[in-house]
Structure formats: C-alpha cells, structure tokens
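S.K.: Sending over a structure as structure tokens; questions will come in a sec.
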Amino acid sequence: MNSGSMGLKRPDTGRSRPVDPLDGLTGQARALVGGEVSSRELTERSLARIEATQPTLNAFRVVCAEQALADADAADRRLAAGERAPLLGVPVAIKDDVDLAGHETPFGCAGEHRAAECDAEPVRRLRAAGAIVVGKTNAPEVGQWHFSETEAFGATRNPWQLEHTPGGSSGGAAAAVAAGIVAGAMGSDGAGSIRIPAAWTNLVGLKPQRGRVSTWPDAEAFNGLSCYGPLTRSVADAALLLDVLSGNVPADRHHVPAPAEPFATAASRPPERLRIALSFATPVGAPGKVDPEHRAAIEALATTFAELGHEVETRDPDYGLVGAALIPRGMSAVEAWLSEREVDRTQLEPRTRVHARMGRLLSGAPLRAARAAEQPFRRRMGAIFDDVDLVLTPTTALPPPRIDHLKGRGYWATSTAASATCPFAWPWNVVGWPAISVPAGFTASGLPIGAQLVAPAESEALLLSLAAQLEQARRWHEQQPPRSH
C-alpha cells in the first residue's frame, strides 16, 4: 500500500512540543485533585485566552466570565473539602445550539431570542460532573454549513491558518480547543458537524451512537440526525467527556444501554487485531473527487494500522441512495427549529430562508418516507460489518476553504460546495451509528487533515480503543497551532 509522503508532512518547526498536563481535560482534573492548580487559575487562564483571541479567532458567541469565576471558586471550595467529580473545576465550552440557563440560543441567527429557562440535559450533566462552562461557541445559521460564518456574529477562523475556516457547524468549539482556550468542548453533529471541524483543526471529534447522549429538552435533535459529542486534543479526553455526557432521560426518543465499562477504560486498552476496510467511495450523487494530499494521508494511516498488526483491505460500504433519506430529514428539521424558536426570518441569510421553504415542502410524506427508509439503509450499509470491524475513510474530501469563500452565495451554490467538500460523514448520521475523526497529517501548506473511522451500532468503545492506539503511534496531541493570535 502506498504510504504517500504528502499527507505525513508535519507543520513547521516549533509546533510540536512536550505535552503539558494542563493542556488536557484528564491532566487538568488530576492537577486539581492534587492541588497543583486551582479552578480559579484554570478559569482565569481560559478567560484570558478568550479575550486575547476573540478579535482574531472569534470562537465564542457569548462569554460567561462572571458566572464561570463564581463556579470556579465554588469548585475550589468543594475540592478543598475533599469532594470529587470527573471534571470538578475544569473549564469547558459548549456550542451555541444547546440551551444554557439564562442565555439565548440563537444558533447563528440574528434577532431577539428567548433566554433558556434551564440547562439542556447534556449541559446539566457537565455541571453535575463539576465542569465550568466559560461560554457558548459560534456556529453557522441553524448549523447548516461546513464553515462557521454568519452575518450576525462574524467569521470564526482556524487557529492553524487564520485565513481558513475551522469548519462547521461546531467550528467555534473546535477553534476554542485547538487554540488551547479550553481543553475540551461539546459540539453537535447532524451531518458531520463535529467530525469536519475536528479534521480541519487537528482534533479528535466523536459522533456518538444516536441515543447515547440525551438531547433533552428535545426528544430528539433534527429528526434524529444530530447528537452531542466531544471535541478534544486527545482520545483519553474524548472518552472522559463522553462518559460525562452519556445517559438519557425518560422522555428521550432514543435510548441505548449503558456501556459495560467506562469509555475511558476502553480508551486505555489496545484493541484486539481488527479488520479494517479502507474506502474512498462516496454515496450516489455525492462528488467522488478526493484531494491528492488527503488521499495520501489516509493511505499512510492505513499503512500505520497494518504496522500495528491490523488487517487492512480495500472495500466500500453500499451506500445506495442514502442521500434521499437525509435530505427531507435535514431540511424539515431546519424549518422546524426556526418555527419552534420563533426566529425572525427577515433577518436570516437568503440561503437559510430557501432551505427552510424547501423544508416546509418536505415535512409531510417525504419526511415520513425518509424515516421509514432508515432500517433498510442500516441493513444495506451495515452489511460491510459482516466482513470487517471498522471502515476507514477521509473525514473530508478537500482542505478547509478560505474565509468568505462562499459569502453571499445562494443555497444551491453553498450546498453544492458542501457536498463536494464533505461527502463522507453524513451517511452515518442517517443510520445513527458512531464515527470518529482523528488527525491524519497535514497538507504541504500546513493545514490539518482528518481520517474518519466508522463502526456499527454502539461501538464507541471500539473506536476509542483503536484511536488511542493510533494516537500513541502518531502523537498528534503533541502538535499545536502557532500562538500568533
């Protein structure tokens, strides 16, 4: 198998460094328990980084400085009293599509919005684990695009190269973690919105099994396409954050059994010898062109898996017409979100208004047919797992576009560009199965490349175990973007 040299290129000298324990969620939690640092110190450092980077990165839509410092002081008192919780005193960020009590949830949309009366369930779980929420991060309007730029809140930029996007729709969350503002963030993924920005910012981004993380106060998110999950530098941190977020409330539409052991335990143990399918195929109707540097990076990763003792073969999932099951669910979900939140549509971008109008047309019989098609697609796409344990693909087909590349463009031009750039992630949202993006190298110009690993239902532990083994070989958590912003 051709290992390729282009995808293996590391960034410029000075971007790789020894790991600081305080860079990660796990290290920060351990240091807090050991008394090596206070939550106040960590939170002040995070808030200072927000202030320093907001003019350039624009990762945050709102910063909760006063509340975060009060929560940090309370965490320090609890720690001093001997209390323990998984993230007690650790600063984190959340994406702006999730309710935070006392704050609006505009999700990229201009205008007036109702303040949330209570935390969404995953935010409640973060707080119960002791995490300090420092702010809500930027996203495109209603999470539609593979970039995080809006007329209302500006453009969020990539810490690796400021003229490029960090991706979307969890672009602000990814930028915050990649720039070292926080060690971890909660994003959401309805068609790749965690995995795409993870790929473009050299992070680990996990889309969990549907139903693993509660979406309450929504019984399901975006017609079952979307779920909440972690964005972190390391696999261990992603596993820790998933352990904290996991769980349901009775009113959730989707439930899955609790794992047999914590995800953090699975991530600490190497997997058995696995069969891995390498695939560059895209679903019917999605462009199939993959940037040569991305292809070389994924092939090199496949070679690494083989060197680790795994069996790698070229084999493609049978996607069929899975796009027909995505479009009505996604479009009607945009319309429903705008209606439920009573958003002023006159202030939306024209392409969002077009999206919503089409969603209205697809909200009846087409939506019901799309949902009914899910089980047949599970059987069709899942047939590959009769012969292999996981599927390896690029996370994206192309590198991150430049800021304003699609500014002012209409719905069709924007959606066509999104389809060509990101054709690999969204099919797995239709069937609801877990997938993870891990760093796979850099382009010759120093932009990160991501690889996607996909497994069948309820296989997050397997993904985390393999990703952790790969991380030990590749050491991506030792790489960081320049601190010129």
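We name chains A, B, ... following the order of the structure tokens; residues begin at 1 in each chain, and ligands are numbered from 1 as shown.
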List every residue of stretch 65-173 of chain A that DSSP, applied to the backbone of this structure, assigns to strand (DSSP E or B), and report them as a list of chain:residue names.
M.R.: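 Answer for stretch 65-173 of chain A restricted to strand (DSSP E or B) is A:Pro91, A:Val92, A:Ala93, A:Ile94, A:Lys95, A:Glu104, A:Ala115, A:Ile132, A:Val133, A:Val134, A:Gly135, A:Lys136, A:Thr137, A:Glu149, A:Thr150, A:Gly154, A:Ala155, A:His164.
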S.K.: So which residues touch A:Glu458 within 10 Å, counting only C-alpha atoms, skipping near sequence neighbours fewer than 4 positions away, as a PyMOL selection string?
M.R.: chain A and resi 208-212+256-259+432-434+462-463
S.K.: If we count only C-alpha atoms and set the cut-off at 6 Å, which residues sit around A:Ala59, ignoring sequence neighbours fewer than 3 positions away in its own chain? Please answer as a list of chain:residue names.
M.R.: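 Counting only C-alpha atoms, the residues come to A:Thr137, A:Asn138, A:Thr156, A:Gly172, A:Ala175, A:Ala176.
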S.K.: How many Å lie between atom CA of A:Asp237 and atom CA of A:Ala131, rounded to one decimal?
M.R.: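 Computing the Euclidean distance for atom CA of A:Asp237 and atom CA of A:Ala131 yields 13.3 Å.
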S.K.: Can you list, as a PyMOL selection string, all residues belonging to stretch 49-250 of chain A that DSSP tags as helix (DSSP H, G or I)?
M.R.: chain A and resi 49-53+65-80+121-128+141-143+171-178+195-201+235-245
S.K.: For stretch 436-439 of chain A, find every residue with an atom within 10 Å (counting only C-alpha atoms), except residues of its own chain fewer than 4 positions away, and show them as number ranges by chain.
M.R.: A: 192, 194-208, 230-231, 233-235, 297-298, 301, 392-396, 425, 448-455, 460, 463-464, 467-468, 470-471, 474-477
S.K.: Residues at most 8 Å from A:Val343, counting only C-alpha atoms, excluding those fewer than 2 positions away in the same chain, as number ranges by chain?
M.R.: A: 109, 111-113, 338-339, 341, 345
S.K.: Those selected residues, please, written with N, CA, C and O atoms and delivered as an mmCIF file, in the first residue's frame.
M.R.:
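The file below, out23.cif, is the result:
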data_model
loop_
_atom_site.group_PDB
_atom_site.id
_atom_site.type_symbol
_atom_site.label_atom_id
_atom_site.label_comp_id
_atom_site.auth_asym_id
_atom_site.auth_seq_id
_atom_site.Cartn_x
_atom_site.Cartn_y
_atom_site.Cartn_z
ATOM 1 N N CYS A 109 -28.302 32.687 14.340
ATOM 2 C CA CYS A 109 -29.359 33.519 13.745
ATOM 3 C C CYS A 109 -29.455 34.872 14.438
ATOM 4 O O CYS A 109 -29.453 34.962 15.669
ATOM 5 N N GLY A 111 -31.267 38.571 15.520
ATOM 6 C CA GLY A 111 -32.568 38.907 16.076
ATOM 7 C C GLY A 111 -32.667 38.616 17.556
ATOM 8 O O GLY A 111 -31.707 38.207 18.218
ATOM 9 N N GLU A 112 -33.877 38.840 18.103
ATOM 10 C CA GLU A 112 -34.144 38.583 19.512
ATOM 11 C C GLU A 112 -34.517 37.113 19.702
ATOM 12 O O GLU A 112 -35.234 36.522 18.891
ATOM 13 N N HIS A 113 -34.049 36.535 20.813
ATOM 14 C CA HIS A 113 -34.327 35.134 21.116
ATOM 15 C C HIS A 113 -34.655 34.999 22.593
ATOM 16 O O HIS A 113 -34.140 35.743 23.430
ATOM 17 N N LEU A 338 -36.553 26.657 13.289
ATOM 18 C CA LEU A 338 -36.872 28.081 13.157
ATOM 19 C C LEU A 338 -38.284 28.377 13.656
ATOM 20 O O LEU A 338 -38.523 29.408 14.309
ATOM 21 N N SER A 339 -39.218 27.488 13.371
ATOM 22 C CA SER A 339 -40.606 27.697 13.805
ATOM 23 C C SER A 339 -40.741 27.570 15.313
ATOM 24 O O SER A 339 -41.378 28.403 15.972
ATOM 25 N N ARG A 341 -38.529 28.004 17.588
ATOM 26 C CA ARG A 341 -37.829 29.080 18.285
ATOM 27 C C ARG A 341 -38.364 30.458 17.912
ATOM 28 O O ARG A 341 -37.887 31.469 18.428
ATOM 29 N N ARG A 345 -37.441 35.553 10.524
ATOM 30 C CA ARG A 345 -36.845 35.079 9.274
ATOM 31 C C ARG A 345 -36.383 36.205 8.363
ATOM 32 O O ARG A 345 -35.577 35.985 7.468
#
S.K.: Quick one: contact table of stretch 167-284 of chain A to stretch 319-334 of chain A, 6 Å max, nearest atom pair and distance in Å to one decimal per residue, counting only C-alpha atoms, chain and number order, as JSON lines?
M.R.:
{"residue": "A:Phe222", "atom": "CA", "partner": "A:Ala333", "partner_atom": "CA", "distance": 4.8}
{"residue": "A:Asn223", "atom": "CA", "partner": "A:Arg329", "partner_atom": "CA", "distance": 5.8}
{"residue": "A:Pro283", "atom": "CA", "partner": "A:Tyr319", "partner_atom": "CA", "distance": 5.3}
{"residue": "A:Val284", "atom": "CA", "partner": "A:Leu321", "partner_atom": "CA", "distance": 5.7}
S.K.: For A:His485, which residue out of A:Glu141, A:Glu313, A:Ile94, A:Ala179 is the nearest one, using only C-alpha atoms?
M.R.: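 For A:His485, the nearest of the candidates is A:Ala179.
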S.K.: Identify, on the basis of only C-alpha atoms, every residue whose closest approach to A:Ser38 does not exceed 8 Å; exclude the query and any residue fewer than 5 positions from it along the same chain; express the result as an MDAnalysis selection string.
M.R.: chainID A and resid 32 76 89
S.K.: Would you mind telling me which residue in A:Ala93, A:Val430, A:Val37, A:Ala413 lies nearest to A:Gly180 when using only C-alpha atoms?
M.R.: A:Ala93
S.K.: With distances taken over only C-alpha atoms, which of A:Val391, A:Ala444, A:Ala85, A:Ala221 is nearest to A:Val244?
M.R.: A:Ala85
